[in-house]
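Structure file data_13.cif; described as mmCIF, C-alpha atoms.
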data_query
loop_
_atom_site.group_PDB
_atom_site.id
_atom_site.type_symbol
_atom_site.label_atom_id
_atom_site.label_comp_id
_atom_site.auth_asym_id
_atom_site.auth_seq_id
_atom_site.Cartn_x
_atom_site.Cartn_y
_atom_site.Cartn_z
ATOM 1 C CA MET A 85 28.126 -76.522 2.222
ATOM 2 C CA LYS A 86 24.812 -77.304 3.862
ATOM 3 C CA TYR A 87 22.304 -74.376 3.949
ATOM 4 C CA GLN A 88 24.486 -72.511 1.465
ATOM 5 C CA SER A 89 21.495 -71.213 -0.469
ATOM 6 C CA ALA A 90 20.119 -69.453 2.624
ATOM 7 C CA LEU A 91 23.540 -68.169 3.691
ATOM 8 C CA LYS A 92 24.059 -66.674 0.223
ATOM 9 C CA TRP A 93 21.279 -64.224 1.092
ATOM 10 C CA LEU A 94 21.950 -63.726 4.784
ATOM 11 C CA ILE A 95 25.701 -63.054 4.671
ATOM 12 C CA PRO A 96 25.730 -60.285 2.016
ATOM 13 C CA ALA A 97 22.913 -58.545 3.902
ATOM 14 C CA ILE A 98 24.929 -58.728 7.119
ATOM 15 C CA GLY A 99 28.015 -57.374 5.362
ATOM 16 C CA LEU A 100 26.277 -54.446 3.693
ATOM 17 C CA LEU A 101 24.350 -53.402 6.796
ATOM 18 C CA ALA A 102 27.448 -53.714 8.995
ATOM 19 C CA LEU A 103 29.409 -51.600 6.520
ATOM 20 C CA LEU A 104 26.707 -48.926 6.764
ATOM 21 C CA ALA A 105 26.493 -49.078 10.564
ATOM 22 C CA ALA A 106 30.226 -49.145 11.285
ATOM 23 C CA GLY A 107 31.042 -46.556 8.623
ATOM 24 C CA ARG A 108 28.402 -44.153 9.890
ATOM 25 C CA GLY A 109 29.429 -44.644 13.514
ATOM 26 C CA LEU A 110 33.122 -44.133 12.820
ATOM 27 C CA PHE A 111 33.004 -41.285 10.311
ATOM 28 C CA ASP A 112 29.940 -39.264 11.365
ATOM 29 C CA ARG A 113 31.452 -35.886 12.220
ATOM 30 C CA SER A 114 28.304 -33.890 12.934
ATOM 31 C CA PRO A 115 29.372 -31.009 15.198
ATOM 32 C CA GLY A 116 28.910 -30.812 18.928
ATOM 33 C CA GLN A 117 30.715 -30.841 22.246
ATOM 34 C CA PRO A 118 30.653 -33.162 25.259
ATOM 35 C CA VAL A 119 28.075 -32.011 27.789
ATOM 36 C CA PRO A 120 27.727 -32.866 31.502
ATOM 37 C CA TYR A 121 24.733 -34.947 32.465
ATOM 38 C CA THR A 122 23.301 -36.328 35.693
ATOM 39 C CA ASN A 123 21.841 -39.778 35.089
ATOM 40 C CA HIS A 124 18.799 -41.333 36.756
ATOM 41 C CA ARG A 125 20.932 -42.629 39.645
ATOM 42 C CA GLY A 126 22.562 -39.273 40.311
ATOM 43 C CA GLU A 127 25.908 -40.132 38.675
ATOM 44 C CA GLN A 128 27.725 -37.274 36.951
ATOM 45 C CA VAL A 129 28.709 -38.323 33.411
ATOM 46 C CA MET A 130 29.774 -36.638 30.174
ATOM 47 C CA LEU A 131 27.632 -37.203 27.095
ATOM 48 C CA ASN A 132 29.548 -37.396 23.835
ATOM 49 C CA GLY A 133 27.426 -34.634 22.281
ATOM 50 C CA GLN A 134 28.534 -35.215 18.682
ATOM 51 C CA GLY A 135 28.242 -37.672 15.826
ATOM 52 C CA LEU A 136 25.982 -40.684 15.722
ATOM 53 C CA TYR A 137 26.726 -41.491 19.362
ATOM 54 C CA LYS A 138 25.955 -38.044 20.746
ATOM 55 C CA TYR A 139 23.586 -39.385 23.422
ATOM 56 C CA ASP A 140 26.093 -41.985 24.648
ATOM 57 C CA THR A 141 28.723 -41.068 27.204
ATOM 58 C CA VAL A 142 32.228 -40.133 26.034
ATOM 59 C CA SER A 143 33.462 -43.501 27.330
ATOM 60 C CA SER A 144 30.681 -45.476 25.598
ATOM 61 C CA ALA A 145 31.128 -43.595 22.316
ATOM 62 C CA ALA A 146 34.866 -44.320 22.367
ATOM 63 C CA GLN A 147 34.125 -48.027 22.849
ATOM 64 C CA GLU A 148 31.483 -48.078 20.107
ATOM 65 C CA GLN A 149 33.787 -46.371 17.624
ATOM 66 C CA GLY A 150 36.567 -48.800 18.541
ATOM 67 C CA ASN A 151 34.157 -51.620 17.769
ATOM 68 C CA ASP A 152 33.240 -49.938 14.478
ATOM 69 C CA LEU A 153 36.924 -49.824 13.515
ATOM 70 C CA VAL A 154 37.404 -53.538 14.265
ATOM 71 C CA THR A 155 34.264 -54.331 12.275
ATOM 72 C CA LEU A 156 35.568 -52.451 9.232
ATOM 73 C CA VAL A 157 39.209 -53.545 9.393
ATOM 74 C CA VAL A 158 38.860 -57.114 10.718
ATOM 75 C CA GLY A 159 35.243 -58.283 10.817
ATOM 76 C CA LEU A 160 34.154 -57.506 7.262
ATOM 77 C CA PRO A 161 37.343 -58.787 5.558
ATOM 78 C CA LEU A 162 37.095 -61.974 7.645
ATOM 79 C CA LEU A 163 33.460 -62.346 6.635
ATOM 80 C CA ALA A 164 34.329 -62.001 2.945
ATOM 81 C CA VAL A 165 37.334 -64.346 2.994
ATOM 82 C CA SER A 166 35.704 -67.009 5.157
ATOM 83 C CA THR A 167 32.494 -66.975 3.075
ATOM 84 C CA TRP A 168 34.458 -67.444 -0.149
ATOM 85 C CA SER A 169 36.473 -70.271 1.397
ATOM 86 C CA ALA A 170 33.472 -71.955 3.035
ATOM 87 C CA PHE A 171 31.411 -71.903 -0.143
ATOM 88 C CA ARG A 172 34.298 -73.627 -1.935
ATOM 89 C CA GLY A 173 34.034 -76.520 0.541
ATOM 90 C CA SER A 174 36.898 -75.709 2.917
ATOM 91 C CA LEU A 175 36.412 -76.927 6.486
ATOM 92 C CA ARG A 176 38.756 -74.199 7.701
ATOM 93 C CA GLY A 177 36.604 -71.680 5.868
ATOM 94 C CA ARG A 178 33.410 -73.034 7.414
ATOM 95 C CA LEU A 179 34.834 -72.891 10.925
ATOM 96 C CA LEU A 180 36.181 -69.391 10.337
ATOM 97 C CA LEU A 181 32.865 -68.258 8.882
ATOM 98 C CA THR A 182 30.890 -69.587 11.856
ATOM 99 C CA GLY A 183 33.235 -67.867 14.301
ATOM 100 C CA THR A 184 33.023 -64.622 12.336
ATOM 101 C CA LEU A 185 29.230 -64.767 12.353
ATOM 102 C CA GLY A 186 29.498 -65.178 16.124
ATOM 103 C CA PHE A 187 31.425 -61.895 16.211
ATOM 104 C CA PHE A 188 28.684 -60.054 14.301
ATOM 105 C CA LEU A 189 25.989 -61.665 16.441
ATOM 106 C CA TYR A 190 27.642 -60.586 19.698
ATOM 107 C CA THR A 191 28.559 -57.110 18.424
ATOM 108 C CA TYR A 192 25.148 -56.137 17.146
ATOM 109 C CA MET A 193 23.277 -57.793 19.994
ATOM 110 C CA SER A 194 25.179 -55.402 22.249
ATOM 111 C CA MET A 195 24.640 -52.435 19.920
ATOM 112 C CA SER A 196 20.894 -53.149 19.801
ATOM 113 C CA MET A 197 20.563 -53.266 23.579
ATOM 114 C CA LEU A 198 23.315 -51.015 24.900
ATOM 115 C CA SER A 199 23.708 -48.015 22.600
ATOM 116 C CA SER A 200 21.521 -44.998 23.199
ATOM 117 C CA TYR A 201 18.770 -44.906 20.595
ATOM 118 C CA ASN A 202 19.885 -43.378 17.300
ATOM 119 C CA GLN A 203 18.905 -43.393 13.610
ATOM 120 C CA LEU A 204 20.504 -46.800 13.014
ATOM 121 C CA PHE A 205 18.589 -48.711 15.678
ATOM 122 C CA LEU A 206 16.707 -50.809 13.124
ATOM 123 C CA VAL A 207 19.968 -51.493 11.276
ATOM 124 C CA TYR A 208 21.493 -52.854 14.489
ATOM 125 C CA VAL A 209 18.431 -55.009 15.098
ATOM 126 C CA ALA A 210 18.504 -56.292 11.510
ATOM 127 C CA ILE A 211 22.186 -57.291 11.739
ATOM 128 C CA PHE A 212 21.530 -58.910 15.120
ATOM 129 C CA GLY A 213 18.664 -60.966 13.701
ATOM 130 C CA LEU A 214 20.390 -61.907 10.445
ATOM 131 C CA SER A 215 23.573 -62.890 12.304
ATOM 132 C CA LEU A 216 21.618 -65.002 14.770
ATOM 133 C CA TYR A 217 20.014 -67.115 12.041
ATOM 134 C CA ALA A 218 23.171 -67.256 9.921
ATOM 135 C CA PHE A 219 25.193 -68.379 12.955
ATOM 136 C CA ALA A 220 22.607 -71.056 13.767
ATOM 137 C CA LEU A 221 22.707 -72.344 10.171
ATOM 138 C CA GLY A 222 26.492 -72.299 10.255
ATOM 139 C CA MET A 223 26.534 -74.450 13.400
ATOM 140 C CA LEU A 224 23.948 -76.845 11.952
ATOM 141 C CA SER A 225 25.921 -77.253 8.725
ATOM 142 C CA PHE A 226 28.562 -79.465 10.388
ATOM 143 C CA ASP A 227 28.391 -83.237 10.479
ATOM 144 C CA LEU A 228 29.628 -83.745 14.035
ATOM 145 C CA GLU A 229 30.446 -87.426 13.616
ATOM 146 C CA ASP A 230 32.578 -86.625 10.582
ATOM 147 C CA LEU A 231 34.169 -83.488 12.086
ATOM 148 C CA LYS A 232 36.461 -85.276 14.552
ATOM 149 C CA ARG A 233 38.392 -87.175 11.903
ATOM 150 C CA HIS A 234 39.494 -83.955 10.227
ATOM 151 C CA PHE A 235 41.655 -82.958 13.198
ATOM 152 C CA SER A 236 45.198 -84.225 13.654
ATOM 153 C CA GLU A 237 46.140 -86.285 16.693
ATOM 154 C CA SER A 238 48.864 -83.715 17.378
ATOM 155 C CA LEU A 239 46.248 -81.049 18.123
ATOM 156 C CA PRO A 240 47.340 -79.468 21.466
ATOM 157 C CA ARG A 241 44.083 -80.144 23.300
ATOM 158 C CA GLY A 242 45.552 -79.337 26.695
ATOM 159 C CA TRP A 243 46.741 -75.906 25.577
ATOM 160 C CA LEU A 244 43.446 -75.229 23.846
ATOM 161 C CA ALA A 245 41.460 -76.176 26.939
ATOM 162 C CA GLY A 246 43.770 -74.116 29.158
ATOM 163 C CA THR A 247 43.238 -71.056 26.970
ATOM 164 C CA LEU A 248 39.482 -71.514 27.047
ATOM 165 C CA PHE A 249 39.467 -71.930 30.837
ATOM 166 C CA LEU A 250 41.598 -68.783 31.105
ATOM 167 C CA VAL A 251 39.150 -66.773 28.986
ATOM 168 C CA GLY A 252 36.130 -68.007 30.924
ATOM 169 C CA GLY A 253 37.800 -67.585 34.307
ATOM 170 C CA PHE A 254 39.131 -64.111 33.587
ATOM 171 C CA LEU A 255 35.775 -62.780 32.404
ATOM 172 C CA LEU A 256 33.998 -64.426 35.331
ATOM 173 C CA LEU A 257 36.338 -62.887 37.914
ATOM 174 C CA ALA A 258 36.558 -59.509 36.168
ATOM 175 C CA TRP A 259 32.806 -58.997 35.966
ATOM 176 C CA LEU A 260 31.961 -60.487 39.357
ATOM 177 C CA GLY A 261 34.678 -58.258 40.796
ATOM 178 C CA ARG A 262 32.817 -55.282 39.371
ATOM 179 C CA ILE A 263 29.348 -56.445 40.432
ATOM 180 C CA VAL A 264 29.698 -58.158 43.816
ATOM 181 C CA PRO A 265 31.492 -55.535 45.994
ATOM 182 C CA PRO A 266 28.889 -52.786 45.355
ATOM 183 C CA LEU A 267 26.153 -55.388 45.809
ATOM 184 C CA ILE A 268 27.504 -56.361 49.213
ATOM 185 C CA ALA A 269 27.872 -52.702 50.162
ATOM 186 C CA GLY A 270 24.243 -52.045 49.213
ATOM 187 C CA GLY A 271 25.105 -49.867 46.226
ATOM 188 C CA THR A 272 25.381 -50.237 42.464
ATOM 189 C CA PRO A 273 28.391 -50.353 40.127
ATOM 190 C CA SER A 274 29.008 -47.404 37.821
ATOM 191 C CA LEU A 275 26.372 -47.527 35.068
ATOM 192 C CA GLU A 276 27.096 -44.238 33.260
ATOM 193 C CA ASN A 277 24.133 -43.688 30.922
ATOM 194 C CA THR A 278 22.728 -47.253 30.997
ATOM 195 C CA THR A 279 20.131 -48.866 33.196
ATOM 196 C CA THR A 280 21.988 -52.126 33.805
ATOM 197 C CA LEU A 281 25.164 -54.095 32.961
ATOM 198 C CA VAL A 282 24.382 -55.382 29.469
ATOM 199 C CA ILE A 283 27.852 -56.544 28.408
ATOM 200 C CA GLN A 284 28.467 -58.251 31.728
ATOM 201 C CA ALA A 285 25.160 -60.113 31.426
ATOM 202 C CA MET A 286 25.995 -61.212 27.877
ATOM 203 C CA ASP A 287 29.467 -62.404 28.828
ATOM 204 C CA LEU A 288 28.333 -64.248 31.956
ATOM 205 C CA VAL A 289 25.512 -65.988 30.085
ATOM 206 C CA LEU A 290 27.120 -66.584 26.676
ATOM 207 C CA ILE A 291 30.917 -66.360 26.680
ATOM 208 C CA VAL A 292 31.920 -67.727 30.097
ATOM 209 C CA PRO A 293 29.845 -70.968 29.950
ATOM 210 C CA ALA A 294 30.734 -71.530 26.280
ATOM 211 C CA ALA A 295 34.463 -71.158 26.974
ATOM 212 C CA ILE A 296 34.438 -73.508 29.964
ATOM 213 C CA LEU A 297 32.191 -76.078 28.278
ATOM 214 C CA SER A 298 34.369 -76.018 25.142
ATOM 215 C CA GLY A 299 37.482 -76.679 27.229
ATOM 216 C CA VAL A 300 35.891 -79.652 28.975
ATOM 217 C CA LEU A 301 34.573 -81.141 25.724
ATOM 218 C CA ILE A 302 37.833 -80.744 23.772
ATOM 219 C CA LEU A 303 39.680 -82.577 26.556
ATOM 220 C CA ARG A 304 37.117 -85.373 26.248
ATOM 221 C CA ARG A 305 37.597 -85.430 22.457
ATOM 222 C CA SER A 306 33.900 -84.800 21.988
ATOM 223 C CA ALA A 307 32.737 -83.849 18.494
ATOM 224 C CA TRP A 308 30.978 -80.835 19.990
ATOM 225 C CA GLY A 309 34.263 -79.896 21.630
ATOM 226 C CA TYR A 310 36.019 -79.496 18.275
ATOM 227 C CA LEU A 311 33.258 -77.304 16.897
ATOM 228 C CA LEU A 312 32.719 -75.156 19.986
ATOM 229 C CA THR A 313 36.454 -74.723 20.556
ATOM 230 C CA SER A 314 36.903 -73.465 16.996
ATOM 231 C CA VAL A 315 34.061 -70.977 17.334
ATOM 232 C CA VAL A 316 34.952 -69.756 20.846
ATOM 233 C CA LEU A 317 38.649 -69.293 20.020
ATOM 234 C CA LEU A 318 37.819 -67.226 16.946
ATOM 235 C CA LYS A 319 35.303 -65.262 18.978
ATOM 236 C CA GLY A 320 37.990 -64.750 21.609
ATOM 237 C CA VAL A 321 40.345 -63.244 19.028
ATOM 238 C CA THR A 322 37.764 -60.774 17.690
ATOM 239 C CA LEU A 323 36.463 -59.951 21.180
ATOM 240 C CA GLY A 324 39.970 -59.312 22.431
ATOM 241 C CA LEU A 325 40.834 -57.151 19.429
ATOM 242 C CA ALA A 326 37.659 -55.131 19.903
ATOM 243 C CA VAL A 327 38.320 -54.571 23.622
ATOM 244 C CA SER A 328 41.953 -53.649 22.918
ATOM 245 C CA VAL A 329 41.001 -51.079 20.280
ATOM 246 C CA MET A 330 38.242 -49.755 22.551
ATOM 247 C CA SER A 331 40.776 -49.290 25.351
ATOM 248 C CA VAL A 332 43.166 -47.380 23.092
ATOM 249 C CA ASN A 333 40.350 -45.158 21.801
ATOM 250 C CA MET A 334 39.143 -44.523 25.353
ATOM 251 C CA ALA A 335 42.667 -43.467 26.345
ATOM 252 C CA LEU A 336 42.771 -41.053 23.400
ATOM 253 C CA ARG A 337 39.482 -39.562 24.604
ATOM 254 C CA GLY A 338 40.800 -39.173 28.151
ATOM 255 C CA VAL A 339 38.784 -41.999 29.732
ATOM 256 C CA ALA A 340 41.389 -44.740 29.891
ATOM 257 C CA GLU A 341 40.372 -48.204 31.043
ATOM 258 C CA SER A 342 42.138 -49.717 34.046
ATOM 259 C CA PRO A 343 45.380 -51.551 33.115
ATOM 260 C CA ALA A 344 44.089 -54.431 35.247
ATOM 261 C CA ILE A 345 41.479 -55.029 32.523
ATOM 262 C CA MET A 346 43.320 -53.846 29.396
ATOM 263 C CA VAL A 347 46.649 -55.693 29.816
ATOM 264 C CA PRO A 348 45.105 -59.153 30.490
ATOM 265 C CA PHE A 349 42.799 -58.674 27.484
ATOM 266 C CA LEU A 350 45.812 -57.955 25.258
ATOM 267 C CA LEU A 351 47.610 -61.065 26.481
ATOM 268 C CA ILE A 352 44.510 -63.241 26.181
ATOM 269 C CA THR A 353 43.919 -61.960 22.647
ATOM 270 C CA LEU A 354 47.451 -62.969 21.646
ATOM 271 C CA LEU A 355 47.062 -66.395 23.255
ATOM 272 C CA ASN A 356 43.700 -66.927 21.524
ATOM 273 C CA LEU A 357 45.261 -66.001 18.193
ATOM 274 C CA ILE A 358 48.125 -68.468 18.674
ATOM 275 C CA MET A 359 45.725 -71.240 19.652
ATOM 276 C CA ALA A 360 43.364 -70.461 16.753
ATOM 277 C CA ILE A 361 46.269 -70.676 14.289
ATOM 278 C CA SER A 362 47.405 -73.942 15.872
ATOM 279 C CA LEU A 363 43.901 -75.356 15.603
ATOM 280 C CA MET A 364 43.597 -74.402 11.931
ATOM 281 C CA ARG A 365 47.031 -75.867 11.159
ATOM 282 C CA ASN A 366 45.957 -79.202 12.654
ATOM 283 C CA ILE A 367 43.052 -79.665 10.259
ATOM 284 C CA ARG A 368 43.736 -82.355 7.681
ATOM 285 C CA THR A 369 43.467 -80.581 4.340
ATOM 286 C CA SER A 370 43.277 -83.809 2.356
ATOM 287 C CA SER A 371 39.737 -84.395 3.618
ATOM 288 C CA ALA A 372 38.876 -80.881 4.643
ATOM 289 C CA ALA A 373 35.707 -80.667 2.622
ATOM 290 C CA GLY A 374 34.099 -83.780 4.072
ATOM 291 C CA PRO A 375 30.466 -84.672 3.572
ATOM 292 C CA ALA A 376 28.095 -81.846 4.371
#

How does this structure look as structure tokens?
Amino acid sequence: MKYQSALKWLIPAIGLLALLAAGRGLFDRSPGQPVPYTNHRGEQVMLNGQGLYKYDTVSSAAQEQGNDLVTLVVGLPLLAVSTWSAFRGSLRGRLLLTGTLGFFLYTYMSMSMLSSYNQLFLVYVAIFGLSLYAFALGMLSFDLEDLKRHFSESLPRGWLAGTLFLVGGFLLLAWLGRIVPPLIAGGTPSLENTTTLVIQAMDLVLIVPAAILSGVLILRRSAWGYLLTSVVLLKGVTLGLAVSVMSVNMALRGVAESPAIMVPFLLITLLNLIMAISLMRNIRTSSAAGPA
């Protein structure tokens, strides 16, 4: 695998730091109680008041701990398995590894910029930076001209593109539906303990365009389409799992997310998983390694 020597250093560092960050966030049981707080815009919110996320709101802490659980149970095992497979020359492993690195990049970009400052701030920043460069090397490791021939002609490109358009369209409508009405009314959406809409900005800049572009390119049988579709679908699975677990944890903490957001995310996660499996099954194993 191209750039394997650099990835041999970057990936273990990402794994160890993510294990520390997610483990501390999920299992820190330092005592405390939720406390009421009036934010800078006059909104009444409840700070978590305990654990690593004591300065985040109860809702934000529930989401962050849900993300920590997905990182420990799904993200880190995927990172280990995909790295082992990729380093053995498997194309499936390389695609899975690149998508998994995209998960860590997105997760710790958001943790670096969205979580209230805590003792692990530099850990979040380190994982964000390491994941960014590892993801870039993973993308650059593919020979795009060679990549197309590894996929079967029976690959359901129409279904793949439809799923990607659904992901992009749903996120676009969901977040614009949250942003535009208050904007028109001359107000602001609920910000809790943040200064702006970080996740919405990330999704509208990164996920929505990538999903739509991937759908267009896979329909055109572009080499970039095969690569981007693989990465975005795998990102869609991990993103959907994270949001689903966050929603469950929020409900357990008494701050349930609207079913209008939670139910579509569950369905989209399942559809992404089915499409990701279909994509992996349509890779020709006889030439999976290919020239790097």

Problem set entry | Selection under test: the PyMOL selection byres ((chain A and resi 131) around 7); residues as a VMD selection string | chain A and resid 118 to 121 129 to 130 132 to 133 138 to 142

Write a file of the just-selected residues containing C-alpha atoms, as an mmCIF file, in the coordinates of the input.
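Result file out02.cif:
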data_model
loop_
_atom_site.group_PDB
_atom_site.id
_atom_site.type_symbol
_atom_site.label_atom_id
_atom_site.label_comp_id
_atom_site.auth_asym_id
_atom_site.auth_seq_id
_atom_site.Cartn_x
_atom_site.Cartn_y
_atom_site.Cartn_z
ATOM 1 C CA PRO A 118 30.653 -33.162 25.259
ATOM 2 C CA VAL A 119 28.075 -32.011 27.789
ATOM 3 C CA PRO A 120 27.727 -32.866 31.502
ATOM 4 C CA TYR A 121 24.733 -34.947 32.465
ATOM 5 C CA VAL A 129 28.709 -38.323 33.411
ATOM 6 C CA MET A 130 29.774 -36.638 30.174
ATOM 7 C CA ASN A 132 29.548 -37.396 23.835
ATOM 8 C CA GLY A 133 27.426 -34.634 22.281
ATOM 9 C CA LYS A 138 25.955 -38.044 20.746
ATOM 10 C CA TYR A 139 23.586 -39.385 23.422
ATOM 11 C CA ASP A 140 26.093 -41.985 24.648
ATOM 12 C CA THR A 141 28.723 -41.068 27.204
ATOM 13 C CA VAL A 142 32.228 -40.133 26.034
#

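Nearest-residue note for Thr184 in chain A: choosing from A:Ser362, A:Gln134, A:Gln284, A:Ser166, the minimum distance belongs to A:Ser166, counting all atoms listed in the file.
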
Picked residues, the PyMOL selection byres ((chain A and resi 363) around 9), expected as a tab-separated table (two decimals) with C-alpha atoms, keeping the file's coordinate frame:
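Generated file (out03.tsv):
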chain	number	residue	atom	x	y	z
A	235	PHE	CA	41.66	-82.96	13.20
A	239	LEU	CA	46.25	-81.05	18.12
A	240	PRO	CA	47.34	-79.47	21.47
A	244	LEU	CA	43.45	-75.23	23.85
A	313	THR	CA	36.45	-74.72	20.56
A	314	SER	CA	36.90	-73.46	17.00
A	358	ILE	CA	48.12	-68.47	18.67
A	359	MET	CA	45.72	-71.24	19.65
A	360	ALA	CA	43.36	-70.46	16.75
A	361	ILE	CA	46.27	-70.68	14.29
A	362	SER	CA	47.40	-73.94	15.87
A	364	MET	CA	43.60	-74.40	11.93
A	365	ARG	CA	47.03	-75.87	11.16
A	366	ASN	CA	45.96	-79.20	12.65
A	367	ILE	CA	43.05	-79.67	10.26

For this session: Counting only C-alpha atoms, figure out which residue out of A:Leu103, A:Val327, A:Val292, A:Met346 gets nearest to Pro161 in chain A.
Result: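 Using only C-alpha atoms, Pro161 in chain A sits closest to A:Leu103.
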
Exercise. Which residue out of A:Ser225, A:Asn356, A:Ser274, A:Asn151 has the minimum interatomic distance to Glu127 in chain A when all atoms listed in the file are used?
Worked result: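 For Glu127 in chain A, the nearest of the candidates is A:Ser274.
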
Exercise. Neighbours of Leu189 in chain A within 10 Å (only C-alpha atoms; same-chain residues fewer than 5 positions away dropped), as an MDAnalysis selection string?
Worked result: chainID A and resid 98 183:184 194:195 211:219

Exercise. Just so the selection is clear, what residues does the PyMOL selection byres ((chain A and resi 258) around 12) cover here, as a ChimeraX atom specification?
Worked result: /A:250-257,259-265,284,287-288,292,342,344-346,348-349

Go ahead and save the residues from that selection, with C-alpha atoms, as a PDB file, in the coordinates of the input.
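Final output, saved to out_12.pdb:
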ATOM      1  CA  LEU A 250      41.598 -68.783  31.105  1.00  0.00           C
ATOM      2  CA  VAL A 251      39.150 -66.773  28.986  1.00  0.00           C
ATOM      3  CA  GLY A 252      36.130 -68.007  30.924  1.00  0.00           C
ATOM      4  CA  GLY A 253      37.800 -67.585  34.307  1.00  0.00           C
ATOM      5  CA  PHE A 254      39.131 -64.111  33.587  1.00  0.00           C
ATOM      6  CA  LEU A 255      35.775 -62.780  32.404  1.00  0.00           C
ATOM      7  CA  LEU A 256      33.998 -64.426  35.331  1.00  0.00           C
ATOM      8  CA  LEU A 257      36.338 -62.887  37.914  1.00  0.00           C
ATOM      9  CA  TRP A 259      32.806 -58.997  35.966  1.00  0.00           C
ATOM     10  CA  LEU A 260      31.961 -60.487  39.357  1.00  0.00           C
ATOM     11  CA  GLY A 261      34.678 -58.258  40.796  1.00  0.00           C
ATOM     12  CA  ARG A 262      32.817 -55.282  39.371  1.00  0.00           C
ATOM     13  CA  ILE A 263      29.348 -56.445  40.432  1.00  0.00           C
ATOM     14  CA  VAL A 264      29.698 -58.158  43.816  1.00  0.00           C
ATOM     15  CA  PRO A 265      31.492 -55.535  45.994  1.00  0.00           C
ATOM     16  CA  GLN A 284      28.467 -58.251  31.728  1.00  0.00           C
ATOM     17  CA  ASP A 287      29.467 -62.404  28.828  1.00  0.00           C
ATOM     18  CA  LEU A 288      28.333 -64.248  31.956  1.00  0.00           C
ATOM     19  CA  VAL A 292      31.920 -67.727  30.097  1.00  0.00           C
ATOM     20  CA  SER A 342      42.138 -49.717  34.046  1.00  0.00           C
ATOM     21  CA  ALA A 344      44.089 -54.431  35.247  1.00  0.00           C
ATOM     22  CA  ILE A 345      41.479 -55.029  32.523  1.00  0.00           C
ATOM     23  CA  MET A 346      43.320 -53.846  29.396  1.00  0.00           C
ATOM     24  CA  PRO A 348      45.105 -59.153  30.490  1.00  0.00           C
ATOM     25  CA  PHE A 349      42.799 -58.674  27.484  1.00  0.00           C
TER      26      PHE A 349
END

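Distance check against Leu221 in chain A using all atoms listed in the file: of A:Gly270, A:Gly309, A:Pro115, A:Gly186, the minimum falls on A:Gly186.
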
Since the input is missing atoms for range 94-108 of chain A, could you rebuild it with N, CA and C atoms and give the result as a compact mmCIF listing (two decimals), keeping the file's coordinate frame?
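Writing done, so here's part_7.txt:
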# COMPACT_ATOMS: atom_id res chain seq x y z
N LEU A 94 21.76 -64.31 3.46
CA LEU A 94 21.95 -63.73 4.78
C LEU A 94 23.29 -62.99 4.91
N ILE A 95 24.36 -63.62 4.44
CA ILE A 95 25.70 -63.05 4.67
C ILE A 95 25.92 -61.72 3.94
N PRO A 96 25.56 -61.60 2.65
CA PRO A 96 25.73 -60.28 2.02
C PRO A 96 24.92 -59.19 2.70
N ALA A 97 23.72 -59.53 3.19
CA ALA A 97 22.91 -58.54 3.90
C ALA A 97 23.61 -58.10 5.18
N ILE A 98 24.18 -59.07 5.91
CA ILE A 98 24.93 -58.73 7.12
C ILE A 98 26.10 -57.81 6.78
N GLY A 99 26.85 -58.16 5.74
CA GLY A 99 28.02 -57.37 5.36
C GLY A 99 27.67 -55.95 4.96
N LEU A 100 26.65 -55.79 4.15
CA LEU A 100 26.28 -54.45 3.69
C LEU A 100 25.75 -53.59 4.83
N LEU A 101 24.90 -54.16 5.67
CA LEU A 101 24.35 -53.40 6.80
C LEU A 101 25.43 -53.05 7.81
N ALA A 102 26.35 -53.99 8.06
CA ALA A 102 27.45 -53.71 8.99
C ALA A 102 28.38 -52.64 8.44
N LEU A 103 28.61 -52.65 7.14
CA LEU A 103 29.41 -51.60 6.52
C LEU A 103 28.76 -50.24 6.72
N LEU A 104 27.44 -50.17 6.55
CA LEU A 104 26.71 -48.93 6.76
C LEU A 104 26.80 -48.49 8.22
N ALA A 105 26.53 -49.43 9.15
CA ALA A 105 26.49 -49.08 10.56
C ALA A 105 27.86 -48.65 11.08
N ALA A 106 28.89 -49.45 10.77
CA ALA A 106 30.23 -49.14 11.28
C ALA A 106 30.79 -47.89 10.62
N GLY A 107 30.55 -47.75 9.32
CA GLY A 107 31.04 -46.56 8.62
C GLY A 107 30.40 -45.29 9.15
N ARG A 108 29.10 -45.33 9.36
CA ARG A 108 28.40 -44.15 9.89
C ARG A 108 28.88 -43.84 11.31
